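Participant: mmCIF, N, CA and C atoms, saved as input-v2.cif, coming up:
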data_start
loop_
_atom_site.label_atom_id
_atom_site.label_comp_id
_atom_site.auth_asym_id
_atom_site.auth_seq_id
_atom_site.Cartn_x
_atom_site.Cartn_y
_atom_site.Cartn_z
N MET A 1012 23.96 35.80 36.77
CA MET A 1012 24.41 34.57 36.15
C MET A 1012 23.32 34.07 35.20
N PRO A 1013 23.68 33.76 33.95
CA PRO A 1013 22.68 33.27 32.99
C PRO A 1013 22.18 31.88 33.37
N ALA A 1014 21.01 31.55 32.83
CA ALA A 1014 20.41 30.25 33.13
C ALA A 1014 21.29 29.11 32.61
N LEU A 1015 21.91 29.32 31.45
CA LEU A 1015 22.83 28.33 30.89
C LEU A 1015 24.17 29.00 30.67
N PRO A 1016 25.22 28.27 30.83
CA PRO A 1016 26.52 28.84 30.47
C PRO A 1016 26.53 29.18 28.98
N LEU A 1017 27.26 30.22 28.60
CA LEU A 1017 27.26 30.69 27.22
C LEU A 1017 27.73 29.64 26.22
N ASP A 1018 28.62 28.77 26.61
CA ASP A 1018 29.10 27.75 25.68
C ASP A 1018 28.01 26.73 25.34
N GLU A 1019 27.05 26.49 26.24
CA GLU A 1019 25.94 25.57 25.97
C GLU A 1019 24.77 26.29 25.30
N ALA A 1020 24.55 27.54 25.59
CA ALA A 1020 23.41 28.30 25.06
C ALA A 1020 23.53 28.50 23.56
N GLY A 1021 24.73 28.57 23.03
CA GLY A 1021 24.94 28.79 21.60
C GLY A 1021 24.28 27.73 20.74
N LYS A 1022 24.31 26.49 21.19
CA LYS A 1022 23.68 25.40 20.44
C LYS A 1022 22.17 25.61 20.35
N TYR A 1023 21.56 26.06 21.44
CA TYR A 1023 20.12 26.27 21.46
C TYR A 1023 19.72 27.46 20.59
N VAL A 1024 20.54 28.49 20.62
CA VAL A 1024 20.26 29.66 19.79
C VAL A 1024 20.36 29.28 18.31
N ALA A 1025 21.36 28.52 17.96
CA ALA A 1025 21.52 28.07 16.58
C ALA A 1025 20.34 27.19 16.16
N ALA A 1026 19.93 26.30 17.05
CA ALA A 1026 18.78 25.43 16.75
C ALA A 1026 17.51 26.25 16.57
N ALA A 1027 17.32 27.29 17.37
CA ALA A 1027 16.15 28.15 17.24
C ALA A 1027 16.17 28.86 15.89
N TYR A 1028 17.32 29.35 15.47
CA TYR A 1028 17.43 30.00 14.16
C TYR A 1028 17.13 29.01 13.03
N VAL A 1029 17.63 27.80 13.15
CA VAL A 1029 17.38 26.79 12.12
C VAL A 1029 15.89 26.49 12.03
N VAL A 1030 15.23 26.32 13.16
CA VAL A 1030 13.79 26.07 13.17
C VAL A 1030 13.05 27.25 12.55
N PHE A 1031 13.43 28.47 12.89
CA PHE A 1031 12.79 29.66 12.33
C PHE A 1031 12.94 29.70 10.81
N VAL A 1032 14.15 29.44 10.31
CA VAL A 1032 14.39 29.48 8.87
C VAL A 1032 13.59 28.39 8.15
N VAL A 1033 13.54 27.20 8.74
CA VAL A 1033 12.76 26.11 8.13
C VAL A 1033 11.29 26.50 8.07
N LEU A 1034 10.74 27.03 9.15
CA LEU A 1034 9.34 27.46 9.14
C LEU A 1034 9.10 28.57 8.11
N LEU A 1035 10.04 29.48 8.00
CA LEU A 1035 9.92 30.57 7.03
C LEU A 1035 9.91 30.03 5.60
N VAL A 1036 10.78 29.07 5.30
CA VAL A 1036 10.83 28.47 3.96
C VAL A 1036 9.54 27.72 3.66
N VAL A 1037 9.02 26.99 4.64
CA VAL A 1037 7.76 26.27 4.45
C VAL A 1037 6.62 27.27 4.19
N TYR A 1038 6.56 28.34 4.95
CA TYR A 1038 5.53 29.36 4.77
C TYR A 1038 5.61 29.97 3.37
N ILE A 1039 6.81 30.32 2.94
CA ILE A 1039 6.99 30.91 1.61
C ILE A 1039 6.58 29.91 0.53
N GLY A 1040 6.89 28.65 0.71
CA GLY A 1040 6.48 27.62 -0.24
C GLY A 1040 4.97 27.49 -0.35
N ILE A 1041 4.30 27.52 0.79
CA ILE A 1041 2.83 27.44 0.79
C ILE A 1041 2.24 28.65 0.09
N MET A 1042 2.76 29.84 0.37
CA MET A 1042 2.25 31.06 -0.26
C MET A 1042 2.50 31.04 -1.77
N ALA A 1043 3.65 30.52 -2.20
CA ALA A 1043 3.96 30.43 -3.63
C ALA A 1043 2.99 29.47 -4.32
N ALA A 1044 2.68 28.36 -3.68
CA ALA A 1044 1.74 27.40 -4.26
C ALA A 1044 0.35 28.01 -4.38
N LYS A 1045 -0.08 28.74 -3.36
CA LYS A 1045 -1.39 29.39 -3.41
C LYS A 1045 -1.43 30.45 -4.52
N LEU A 1046 -0.37 31.23 -4.63
CA LEU A 1046 -0.30 32.26 -5.66
C LEU A 1046 -0.35 31.64 -7.05
N SER A 1047 0.35 30.55 -7.23
CA SER A 1047 0.34 29.86 -8.52
C SER A 1047 -1.05 29.35 -8.86
N ARG A 1048 -1.72 28.76 -7.89
CA ARG A 1048 -3.08 28.23 -8.11
C ARG A 1048 -4.05 29.36 -8.44
N ILE A 1049 -3.97 30.46 -7.70
CA ILE A 1049 -4.87 31.58 -7.93
C ILE A 1049 -4.61 32.19 -9.30
N SER A 1050 -3.36 32.32 -9.70
CA SER A 1050 -3.03 32.85 -11.03
C SER A 1050 -3.60 31.96 -12.12
N ARG A 1051 -3.48 30.66 -11.95
CA ARG A 1051 -4.01 29.72 -12.93
C ARG A 1051 -5.54 29.84 -13.02
N GLU A 1052 -6.21 29.97 -11.88
CA GLU A 1052 -7.67 30.11 -11.89
C GLU A 1052 -8.10 31.42 -12.54
N ILE A 1053 -7.36 32.49 -12.31
CA ILE A 1053 -7.69 33.78 -12.93
C ILE A 1053 -7.54 33.68 -14.45
N GLU A 1054 -6.50 33.01 -14.92
CA GLU A 1054 -6.32 32.82 -16.36
C GLU A 1054 -7.49 32.03 -16.95
N GLU A 1055 -7.93 30.98 -16.26
CA GLU A 1055 -9.06 30.19 -16.74
C GLU A 1055 -10.33 31.04 -16.81
N ILE A 1056 -10.56 31.85 -15.80
CA ILE A 1056 -11.75 32.71 -15.78
C ILE A 1056 -11.67 33.73 -16.91
N ALA A 1057 -10.50 34.29 -17.15
CA ALA A 1057 -10.34 35.26 -18.24
C ALA A 1057 -10.60 34.60 -19.59
N GLU A 1058 -10.13 33.37 -19.78
CA GLU A 1058 -10.39 32.65 -21.02
C GLU A 1058 -11.88 32.39 -21.20
N LEU A 1059 -12.56 31.97 -20.13
CA LEU A 1059 -14.00 31.73 -20.22
C LEU A 1059 -14.75 33.02 -20.55
N ALA A 1060 -14.36 34.12 -19.94
CA ALA A 1060 -15.02 35.40 -20.21
C ALA A 1060 -14.79 35.82 -21.66
N GLU A 1061 -13.58 35.64 -22.16
CA GLU A 1061 -13.28 36.01 -23.55
C GLU A 1061 -14.07 35.13 -24.52
N ARG A 1062 -14.15 33.84 -24.22
CA ARG A 1062 -14.94 32.93 -25.06
C ARG A 1062 -16.40 33.34 -25.06
N GLN A 1063 -16.93 33.68 -23.89
CA GLN A 1063 -18.33 34.10 -23.78
C GLN A 1063 -18.56 35.39 -24.57
N ARG A 1064 -17.63 36.33 -24.46
CA ARG A 1064 -17.73 37.59 -25.19
C ARG A 1064 -17.73 37.34 -26.69
N THR A 1065 -16.87 36.44 -27.15
CA THR A 1065 -16.79 36.11 -28.57
C THR A 1065 -18.09 35.47 -29.05
N GLU A 1066 -18.63 34.55 -28.25
CA GLU A 1066 -19.90 33.90 -28.61
C GLU A 1066 -21.04 34.91 -28.67
N ASP A 1067 -21.08 35.83 -27.71
CA ASP A 1067 -22.13 36.85 -27.70
C ASP A 1067 -22.04 37.74 -28.93
N ARG A 1068 -20.82 38.12 -29.32
CA ARG A 1068 -20.64 38.95 -30.51
C ARG A 1068 -21.10 38.20 -31.75
N GLY A 1069 -20.79 36.92 -31.81
CA GLY A 1069 -21.19 36.10 -32.96
C GLY A 1069 -22.70 35.99 -33.05
N GLN A 1070 -23.36 35.81 -31.93
CA GLN A 1070 -24.81 35.71 -31.92
C GLN A 1070 -25.45 37.04 -32.32
N ARG A 1071 -24.89 38.15 -31.85
CA ARG A 1071 -25.43 39.46 -32.23
C ARG A 1071 -25.25 39.71 -33.72
N THR A 1072 -24.11 39.30 -34.26
CA THR A 1072 -23.86 39.48 -35.69
C THR A 1072 -24.83 38.65 -36.51
N GLU A 1073 -25.07 37.41 -36.07
CA GLU A 1073 -26.03 36.55 -36.76
C GLU A 1073 -27.44 37.13 -36.68
N ALA A 1074 -27.81 37.67 -35.52
CA ALA A 1074 -29.13 38.24 -35.34
C ALA A 1074 -29.30 39.48 -36.23
N LYS A 1075 -28.28 40.31 -36.34
CA LYS A 1075 -28.35 41.49 -37.21
C LYS A 1075 -28.47 41.07 -38.66
N ALA A 1076 -27.74 40.05 -39.06
CA ALA A 1076 -27.80 39.58 -40.45
C ALA A 1076 -29.19 39.03 -40.75
N ALA A 1077 -29.79 38.35 -39.80
CA ALA A 1077 -31.14 37.81 -40.00
C ALA A 1077 -32.16 38.94 -40.05
N ASP A 1078 -31.96 39.99 -39.26
CA ASP A 1078 -32.90 41.12 -39.24
C ASP A 1078 -32.85 41.91 -40.54
N VAL A 1079 -31.73 41.97 -41.20
CA VAL A 1079 -31.61 42.71 -42.46
C VAL A 1079 -32.49 42.08 -43.52
N GLY A 1080 -32.52 40.78 -43.56
CA GLY A 1080 -33.33 40.07 -44.56
C GLY A 1080 -34.81 40.03 -44.19
N ASN A 1081 -35.15 40.14 -42.94
CA ASN A 1081 -36.54 40.07 -42.47
C ASN A 1081 -36.87 41.31 -41.64
N PRO A 1082 -37.44 42.35 -42.23
CA PRO A 1082 -37.79 43.52 -41.44
C PRO A 1082 -38.89 43.19 -40.43
N PRO A 1083 -39.00 43.94 -39.36
CA PRO A 1083 -40.04 43.69 -38.35
C PRO A 1083 -41.44 43.79 -38.94
N GLU A 1084 -42.41 43.17 -38.31
CA GLU A 1084 -43.80 43.10 -38.78
C GLU A 1084 -44.39 44.48 -39.04
N GLU A 1085 -44.20 45.43 -38.13
CA GLU A 1085 -44.82 46.75 -38.29
C GLU A 1085 -44.27 47.50 -39.49
N VAL A 1086 -43.05 47.19 -39.91
CA VAL A 1086 -42.46 47.85 -41.07
C VAL A 1086 -43.03 47.24 -42.36
N ARG A 1087 -43.33 45.94 -42.36
CA ARG A 1087 -43.85 45.27 -43.55
C ARG A 1087 -45.24 45.78 -43.93
N SER A 1088 -46.05 46.19 -43.03
CA SER A 1088 -47.43 46.58 -43.31
C SER A 1088 -47.55 47.86 -44.06
#
Hey, can you dump this file as structure tokens for me?
Facilitator:
Amino acid sequence: MPALPLDEAGKYVAAAYVVFVVLLVVYIGIMAAKLSRISREIEEIAELAERQRTEDRGQRTEAKAADVGNPPEEVRS
């Protein structure tokens, strides 16, 4: 004999499924929010790296242009 008659147990089984689905939806929502935040941070880091790379290239180009007009000391002698 079951602990509860089958006509009463159905309500509890349905309630358990509802609770499970609600928890699953909440979990998926939290994971989606984290994924969105991480994606946004990765994009920001990529932009900073690209900006830094561009600045470094510009500084190297300026340094090369300055070196062309001013040869090193040992070459001038």
Participant: To one decimal in Å, tell me the separation between atom C of Arg1071 (chain A) and atom C of Ile1053 (chain A).
Facilitator: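 Pair atom C of Arg1071 (chain A) / atom C of Ile1053 (chain A) returns 26.9 Å.
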Participant: Output, as lines of an AutoDock Vina configuration file, the centre and edge lengths in Å (one decimal) of the axis-aligned box that contains all listed atoms of region 1032-1040 of chain A with 5 Å of margin on each side.
Facilitator:
center_x = 9.7
center_y = 28.5
center_z = 5.0
size_x = 19.4
size_y = 14.8
size_z = 20.7
Participant: In Å, with one decimal, what is the gap from atom C of Glu1052 (chain A) to CA of Tyr1038 (chain A)?
Facilitator: 22.1 Å
Participant: Please indicate the distance in Å from atom N of Ser1050 (chain A) to atom C of Gln1063 (chain A), rounded to one decimal place.
Facilitator: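 So the two atoms, atom N of Ser1050 (chain A) and atom C of Gln1063 (chain A), lie 21.5 Å apart.
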